[in-house]
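S.K.: One file: final20.pdb (PDB, C-alpha atoms).
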MODEL        1
ATOM      1  CA  MET Z  10    -152.337  -6.446 -13.187
ATOM      2  CA  LYS Z  11    -148.791  -7.125 -14.218
ATOM      3  CA  LYS Z  12    -149.938  -8.675 -17.522
ATOM      4  CA  ILE Z  13    -152.124  -5.852 -18.794
ATOM      5  CA  ILE Z  14    -149.503  -3.901 -20.733
ATOM      6  CA  PHE Z  15    -147.760  -7.132 -21.712
ATOM      7  CA  LEU Z  16    -150.999  -8.259 -23.334
ATOM      8  CA  ILE Z  17    -151.354  -4.925 -25.140
ATOM      9  CA  VAL Z  18    -147.775  -5.063 -26.444
ATOM     10  CA  SER Z  19    -148.248  -8.657 -27.551
ATOM     11  CA  VAL Z  20    -151.422  -7.973 -29.513
ATOM     12  CA  LEU Z  21    -150.088  -4.852 -31.190
ATOM     13  CA  THR Z  22    -146.827  -6.494 -32.150
ATOM     14  CA  ILE Z  23    -148.784  -9.045 -34.171
ATOM     15  CA  PHE Z  24    -149.671  -6.253 -36.592
ATOM     16  CA  PHE Z  25    -146.282  -4.471 -36.554
ATOM     17  CA  LEU Z  26    -147.920  -1.053 -36.746
ATOM     18  CA  SER Z  27    -149.580   0.610 -33.783
ATOM     19  CA  GLY Z  28    -152.047   2.301 -36.136
ATOM     20  CA  CYS Z  29    -153.770  -1.025 -36.838
ATOM     21  CA  VAL Z  30    -155.245  -1.269 -33.335
ATOM     22  CA  GLN Z  31    -156.221   1.421 -30.844
ATOM     23  CA  ILE Z  32    -156.165   0.607 -27.139
ATOM     24  CA  GLU Z  33    -158.153   2.238 -24.338
ATOM     25  CA  VAL Z  34    -157.788   1.055 -20.741
ATOM     26  CA  ASN Z  35    -160.162   2.233 -17.995
ATOM     27  CA  GLN Z  36    -159.392   1.401 -14.391
ATOM     28  CA  LYS Z  37    -161.381   2.233 -11.258
ATOM     29  CA  ILE Z  38    -159.629   1.973  -7.883
ATOM     30  CA  LYS Z  39    -161.942   1.337  -4.927
ATOM     31  CA  ARG Z  40    -161.511   2.037  -1.224
ATOM     32  CA  THR Z  41    -161.635  -1.709  -0.592
ATOM     33  CA  SER Z  42    -158.513  -2.091  -2.819
ATOM     34  CA  MET Z  43    -160.611  -3.914  -5.411
ATOM     35  CA  ILE Z  44    -160.428  -2.909  -9.082
ATOM     36  CA  ASP Z  45    -162.857  -2.508 -11.960
ATOM     37  CA  LEU Z  46    -161.074  -2.696 -15.320
ATOM     38  CA  SER Z  47    -161.987  -2.527 -18.990
ATOM     39  CA  ILE Z  48    -159.643  -2.972 -21.951
ATOM     40  CA  MET Z  49    -161.003  -1.960 -25.352
ATOM     41  CA  PHE Z  50    -159.363  -2.861 -28.658
ATOM     42  CA  LYS Z  51    -160.581  -0.849 -31.659
ATOM     43  CA  ALA Z  52    -159.822  -1.659 -35.288
ATOM     44  CA  LYS Z  53    -161.388  -0.865 -38.650
ATOM     45  CA  SER Z  54    -160.837  -4.393 -39.910
ATOM     46  CA  PRO Z  55    -163.005  -7.270 -38.573
ATOM     47  CA  GLU Z  56    -160.161  -9.631 -39.472
ATOM     48  CA  ILE Z  57    -157.803  -7.799 -37.125
ATOM     49  CA  LEU Z  58    -160.374  -7.920 -34.315
ATOM     50  CA  ASN Z  59    -160.719 -11.658 -34.845
ATOM     51  CA  VAL Z  60    -156.967 -12.063 -34.476
ATOM     52  CA  VAL Z  61    -157.076 -10.016 -31.270
ATOM     53  CA  LYS Z  62    -159.799 -12.274 -29.843
ATOM     54  CA  GLN Z  63    -157.917 -15.402 -30.842
ATOM     55  CA  ASN Z  64    -154.830 -14.199 -29.013
ATOM     56  CA  ILE Z  65    -156.565 -13.356 -25.736
ATOM     57  CA  GLN Z  66    -157.693 -16.059 -23.352
ATOM     58  CA  ILE Z  67    -159.359 -15.219 -20.056
ATOM     59  CA  SER Z  68    -158.386 -17.202 -16.978
ATOM     60  CA  PRO Z  69    -161.158 -19.664 -15.949
ATOM     61  CA  LYS Z  70    -160.680 -18.479 -12.355
ATOM     62  CA  ILE Z  71    -161.946 -14.982 -13.177
ATOM     63  CA  LYS Z  72    -164.978 -15.940 -15.310
ATOM     64  CA  ALA Z  73    -167.500 -14.921 -12.635
ATOM     65  CA  LYS Z  74    -166.106 -11.382 -12.640
ATOM     66  CA  PHE Z  75    -165.690 -11.105 -16.409
ATOM     67  CA  SER Z  76    -167.861  -9.893 -19.292
ATOM     68  CA  GLN Z  77    -167.186  -9.157 -22.951
ATOM     69  CA  GLN Z  78    -168.787  -6.646 -25.309
ATOM     70  CA  GLU Z  79    -168.365  -6.494 -29.073
ATOM     71  CA  THR Z  80    -169.280  -4.121 -31.875
ATOM     72  CA  SER Z  81    -168.342  -4.196 -35.549
ATOM     73  CA  ALA Z  82    -165.271  -2.090 -34.760
ATOM     74  CA  SER Z  83    -164.265  -3.029 -31.202
ATOM     75  CA  VAL Z  84    -164.042  -5.680 -28.535
ATOM     76  CA  THR Z  85    -164.020  -4.808 -24.837
ATOM     77  CA  TYR Z  86    -162.925  -7.052 -21.971
ATOM     78  CA  LYS Z  87    -164.393  -6.060 -18.598
ATOM     79  CA  PHE Z  88    -163.368  -7.268 -15.150
ATOM     80  CA  ARG Z  89    -165.359  -6.206 -12.099
ATOM     81  CA  ASN Z  90    -164.390  -6.077  -8.439
ATOM     82  CA  PHE Z  91    -161.247  -8.205  -8.637
ATOM     83  CA  ASP Z  92    -158.247  -8.348  -6.336
ATOM     84  CA  PRO Z  93    -155.147  -7.115  -8.250
ATOM     85  CA  TYR Z  94    -152.832  -9.036  -5.913
ATOM     86  CA  LYS Z  95    -154.596 -12.395  -6.087
ATOM     87  CA  ASP Z  96    -156.746 -12.691  -9.208
ATOM     88  CA  GLU Z  97    -155.264 -13.739 -12.562
ATOM     89  CA  LEU Z  98    -157.100 -12.131 -15.470
ATOM     90  CA  PHE Z  99    -155.477 -13.852 -18.423
ATOM     91  CA  ASP Z 100    -154.714 -17.503 -18.982
ATOM     92  CA  ASP Z 101    -150.997 -18.316 -18.968
ATOM     93  CA  LYS Z 102    -151.674 -20.518 -22.001
ATOM     94  CA  ALA Z 103    -152.929 -17.587 -24.074
ATOM     95  CA  ASN Z 104    -151.335 -17.421 -27.509
ATOM     96  CA  LEU Z 105    -149.469 -14.177 -26.882
ATOM     97  CA  THR Z 106    -146.394 -13.153 -28.827
ATOM     98  CA  PRO Z 107    -143.491 -14.609 -26.818
ATOM     99  CA  GLY Z 108    -140.305 -12.922 -25.701
ATOM    100  CA  ILE Z 109    -141.604  -9.359 -25.518
ATOM    101  CA  GLN Z 110    -140.501  -7.426 -22.443
ATOM    102  CA  SER Z 111    -142.965  -5.064 -20.818
ATOM    103  CA  PRO Z 112    -142.595  -2.796 -17.810
ATOM    104  CA  LEU Z 113    -145.769  -4.152 -16.230
ATOM    105  CA  MET Z 114    -144.735  -7.792 -16.409
ATOM    106  CA  ASN Z 115    -143.128  -6.983 -13.064
ATOM    107  CA  ILE Z 116    -145.791  -6.502 -10.387
ATOM    108  CA  GLU Z 117    -143.440  -4.088  -8.641
ATOM    109  CA  SER Z 118    -144.118  -1.665 -11.491
ATOM    110  CA  TYR Z 119    -147.474  -0.954  -9.849
ATOM    111  CA  GLN Z 120    -146.864   1.062  -6.696
ATOM    112  CA  PHE Z 121    -149.519   2.114  -4.209
ATOM    113  CA  LYS Z 122    -148.440   4.245  -1.254
ATOM    114  CA  LYS Z 123    -150.676   5.352   1.606
ATOM    115  CA  GLU Z 124    -149.950   7.825   4.403
ATOM    116  CA  PHE Z 125    -152.109   9.480   7.038
ATOM    117  CA  LYS Z 126    -152.167  13.283   7.244
ATOM    118  CA  PHE Z 127    -155.034  14.226   9.530
ATOM    119  CA  PRO Z 128    -157.860  14.310   8.615
ATOM    120  CA  TYR Z 129    -157.025  12.624   5.301
ATOM    121  CA  TYR Z 130    -155.401   9.562   3.892
ATOM    122  CA  VAL Z 131    -153.076  10.675   1.114
ATOM    123  CA  LEU Z 132    -152.531   7.981  -1.508
ATOM    124  CA  THR Z 133    -150.205   7.806  -4.491
ATOM    125  CA  TYR Z 134    -150.800   5.318  -7.287
ATOM    126  CA  SER Z 135    -147.975   5.043  -9.816
ATOM    127  CA  ILE Z 136    -147.006   2.999 -12.849
ATOM    128  CA  ASN Z 137    -143.236   2.744 -13.117
ATOM    129  CA  MET Z 138    -142.239   2.178 -16.720
ATOM    130  CA  ASN Z 139    -138.552   2.028 -15.711
ATOM    131  CA  ASN Z 140    -139.009  -0.953 -13.442
ATOM    132  CA  VAL Z 141    -137.881  -3.719 -15.771
ATOM    133  CA  ASN Z 142    -134.407  -4.816 -16.733
ATOM    134  CA  GLY Z 143    -133.886  -4.392 -20.451
ATOM    135  CA  ASN Z 144    -136.412  -1.602 -20.939
ATOM    136  CA  ASN Z 145    -134.246   0.123 -23.543
ATOM    137  CA  GLY Z 146    -136.937   1.898 -25.497
ATOM    138  CA  GLY Z 147    -137.958  -0.946 -27.775
ATOM    139  CA  ASP Z 148    -137.209  -1.244 -31.467
ATOM    140  CA  LEU Z 149    -138.540   0.912 -34.309
ATOM    141  CA  VAL Z 150    -141.876  -0.869 -34.175
ATOM    142  CA  THR Z 151    -142.656  -1.563 -30.524
ATOM    143  CA  GLY Z 152    -140.984   1.637 -29.366
ATOM    144  CA  GLY Z 153    -143.860   3.641 -30.863
ATOM    145  CA  LEU Z 154    -146.704   1.690 -29.263
ATOM    146  CA  ARG Z 155    -148.987   3.729 -27.000
ATOM    147  CA  ALA Z 156    -152.196   3.197 -25.068
ATOM    148  CA  GLY Z 157    -154.749   5.511 -23.499
ATOM    149  CA  TYR Z 158    -154.921   4.662 -19.782
ATOM    150  CA  THR Z 159    -157.686   6.275 -17.705
ATOM    151  CA  ILE Z 160    -157.726   5.876 -13.924
ATOM    152  CA  ARG Z 161    -160.609   6.848 -11.640
ATOM    153  CA  VAL Z 162    -159.749   7.096  -7.948
ATOM    154  CA  PHE Z 163    -162.057   7.225  -4.925
ATOM    155  CA  GLY Z 164    -160.636  10.451  -3.471
ATOM    156  CA  LYS Z 165    -159.912  13.962  -4.714
ATOM    157  CA  ILE Z 166    -156.881  14.267  -6.997
ATOM    158  CA  ILE Z 167    -154.308  16.717  -5.678
ATOM    159  CA  GLU Z 168    -151.376  16.036  -8.016
ATOM    160  CA  THR Z 169    -150.668  14.081 -11.209
ATOM    161  CA  ASN Z 170    -148.469  14.125 -14.310
ATOM    162  CA  GLY Z 171    -151.365  12.963 -16.457
ATOM    163  CA  SER Z 172    -154.268  14.887 -17.998
ATOM    164  CA  ARG Z 173    -156.851  15.562 -15.294
ATOM    165  CA  ILE Z 174    -160.392  14.958 -16.552
ATOM    166  CA  ASP Z 175    -162.200  15.823 -13.309
ATOM    167  CA  LYS Z 176    -161.434  15.771  -9.579
ATOM    168  CA  HIS Z 177    -161.506  11.966  -9.513
ATOM    169  CA  THR Z 178    -160.225  10.982 -12.974
ATOM    170  CA  VAL Z 179    -156.922  11.229 -14.835
ATOM    171  CA  LYS Z 180    -155.814   9.967 -18.236
ATOM    172  CA  PHE Z 181    -152.306   8.951 -19.298
ATOM    173  CA  ASP Z 182    -150.966   8.499 -22.806
ATOM    174  CA  ILE Z 183    -148.595   5.658 -21.974
ATOM    175  CA  GLY Z 184    -145.787   4.693 -24.289
ATOM    176  CA  LEU Z 185    -145.211   1.020 -23.704
ATOM    177  CA  TYR Z 186    -141.443   1.529 -23.585
ATOM    178  CA  ASP Z 187    -141.379   4.917 -21.864
ATOM    179  CA  LYS Z 188    -138.700   5.537 -19.259
ATOM    180  CA  LYS Z 189    -141.110   7.368 -17.003
ATOM    181  CA  ILE Z 190    -143.182   7.059 -13.857
ATOM    182  CA  TYR Z 191    -146.854   7.946 -14.314
ATOM    183  CA  TYR Z 192    -148.591   8.843 -11.070
ATOM    184  CA  VAL Z 193    -151.711  10.248  -9.465
ATOM    185  CA  LYS Z 194    -151.850  11.484  -5.858
ATOM    186  CA  PHE Z 195    -155.200  11.886  -4.144
ATOM    187  CA  LYS Z 196    -156.716  12.355  -0.690
ATOM    188  CA  ASP Z 197    -159.693  10.815   1.090
ATOM    189  CA  PHE Z 198    -161.322  11.803   4.384
ATOM    190  CA  PHE Z 199    -160.288   9.146   6.910
ATOM    191  CA  LEU Z 200    -163.777   8.426   8.323
ATOM    192  CA  ILE Z 201    -165.122   7.695   4.841
ATOM    193  CA  THR Z 202    -162.184   5.357   4.195
ATOM    194  CA  TRP Z 203    -162.716   3.486   7.474
ATOM    195  CA  PHE Z 204    -166.470   3.157   6.918
ATOM    196  CA  CYS Z 205    -166.139   1.841   3.353
ATOM    197  CA  VAL Z 206    -163.402  -0.640   4.253
ATOM    198  CA  LEU Z 207    -165.349  -1.859   7.308
ATOM    199  CA  PHE Z 208    -168.544  -2.497   5.338
ATOM    200  CA  ARG Z 209    -166.820  -3.478   2.079
ATOM    201  CA  LEU Z 210    -168.284  -0.569   0.141
ATOM    202  CA  GLY Z 211    -166.643   0.911  -2.979
TER     203      GLY Z 211
ENDMDL
END
Could you write out this structure as structure tokens?
M.R.:
Amino acid sequence: MKKIIFLIVSVLTIFFLSGCVQIEVNQKIKRTSMIDLSIMFKAKSPEILNVVKQNIQISPKIKAKFSQQETSASVTYKFRNFDPYKDELFDDKANLTPGIQSPLMNIESYQFKKEFKFPYYVLTYSINMNNVNGNNGGDLVTGGLRAGYTIRVFGKIIETNGSRIDKHTVKFDIGLYDKKIYYVKFKDFFLITWFCVLFRLG
């Protein structure tokens, strides 16, 4: 998980202008702590999409959980039911632009807190864009890079600083050098949580 925004920054920096490529990230958080994730790159130019594909290499260890979809104007990388703490999505040898800091290069930038308030578990999932040394807002180019980041949770959302789509889904417009914590807080009835974790259900 810590490489997702780093990968986005790296690809966009190749083109110097954020308008060349649009990014949409969709993430589903499951009760089992597993994640479904899709990252879509959209561009009007087939040449730009080819450069994107050349600069992204998927880790061989995740191939069984990976699929790729392409259209004339987009390429989407999908990862299903992976462990965000153990599975590596992208190959370390990928030809990404070097030397670019990103808040999510640090795994501590992803924070997941869980507390029990009968009869619910109350969970807070946050993305801390401050949590990297040297996050000074980027330069004139990278400082303007943004990505749509949609998160679907398994419980009912009770608080967020994003745009709530429905009772389970929120969308953030994340600036890749924002000094901000994006978060969503939600609750889940404890018996449902126990049952799904016990039987490994989503």
S.K.: Of the candidates Z:Asn137, Z:Ser42, Z:Ser172, Z:Ser83, which one gets nearest to Z:Ile190 if we count all atoms listed in the file?
M.R.: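 The answer is Z:Asn137, which sits nearest to Z:Ile190.
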S.K.: Select, from Z:Phe125, Z:Tyr158, Z:Phe181, Z:Tyr134, the residue with the minimum atom-to-atom distance to Z:Phe199, counting all atoms listed in the file.
M.R.: Z:Phe125
S.K.: One number please: atom CA of Z:Val34 to atom CA of Z:Asp187, in Å, one decimal.
M.R.: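 Separating atom CA of Z:Val34 from atom CA of Z:Asp187 is a distance of 16.9 Å.
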S.K.: Would you compute the distance between atom CA of Z:Ser135 and atom CA of Z:Tyr119? Give it in Å to one decimal.
M.R.: 6.0 Å
S.K.: In Å, how far is it from atom CA of Z:Arg40 to atom CA of Z:Thr178?
M.R.: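 Spanning atom CA of Z:Arg40 to atom CA of Z:Thr178 is a straight-line distance of 14.8 Å.
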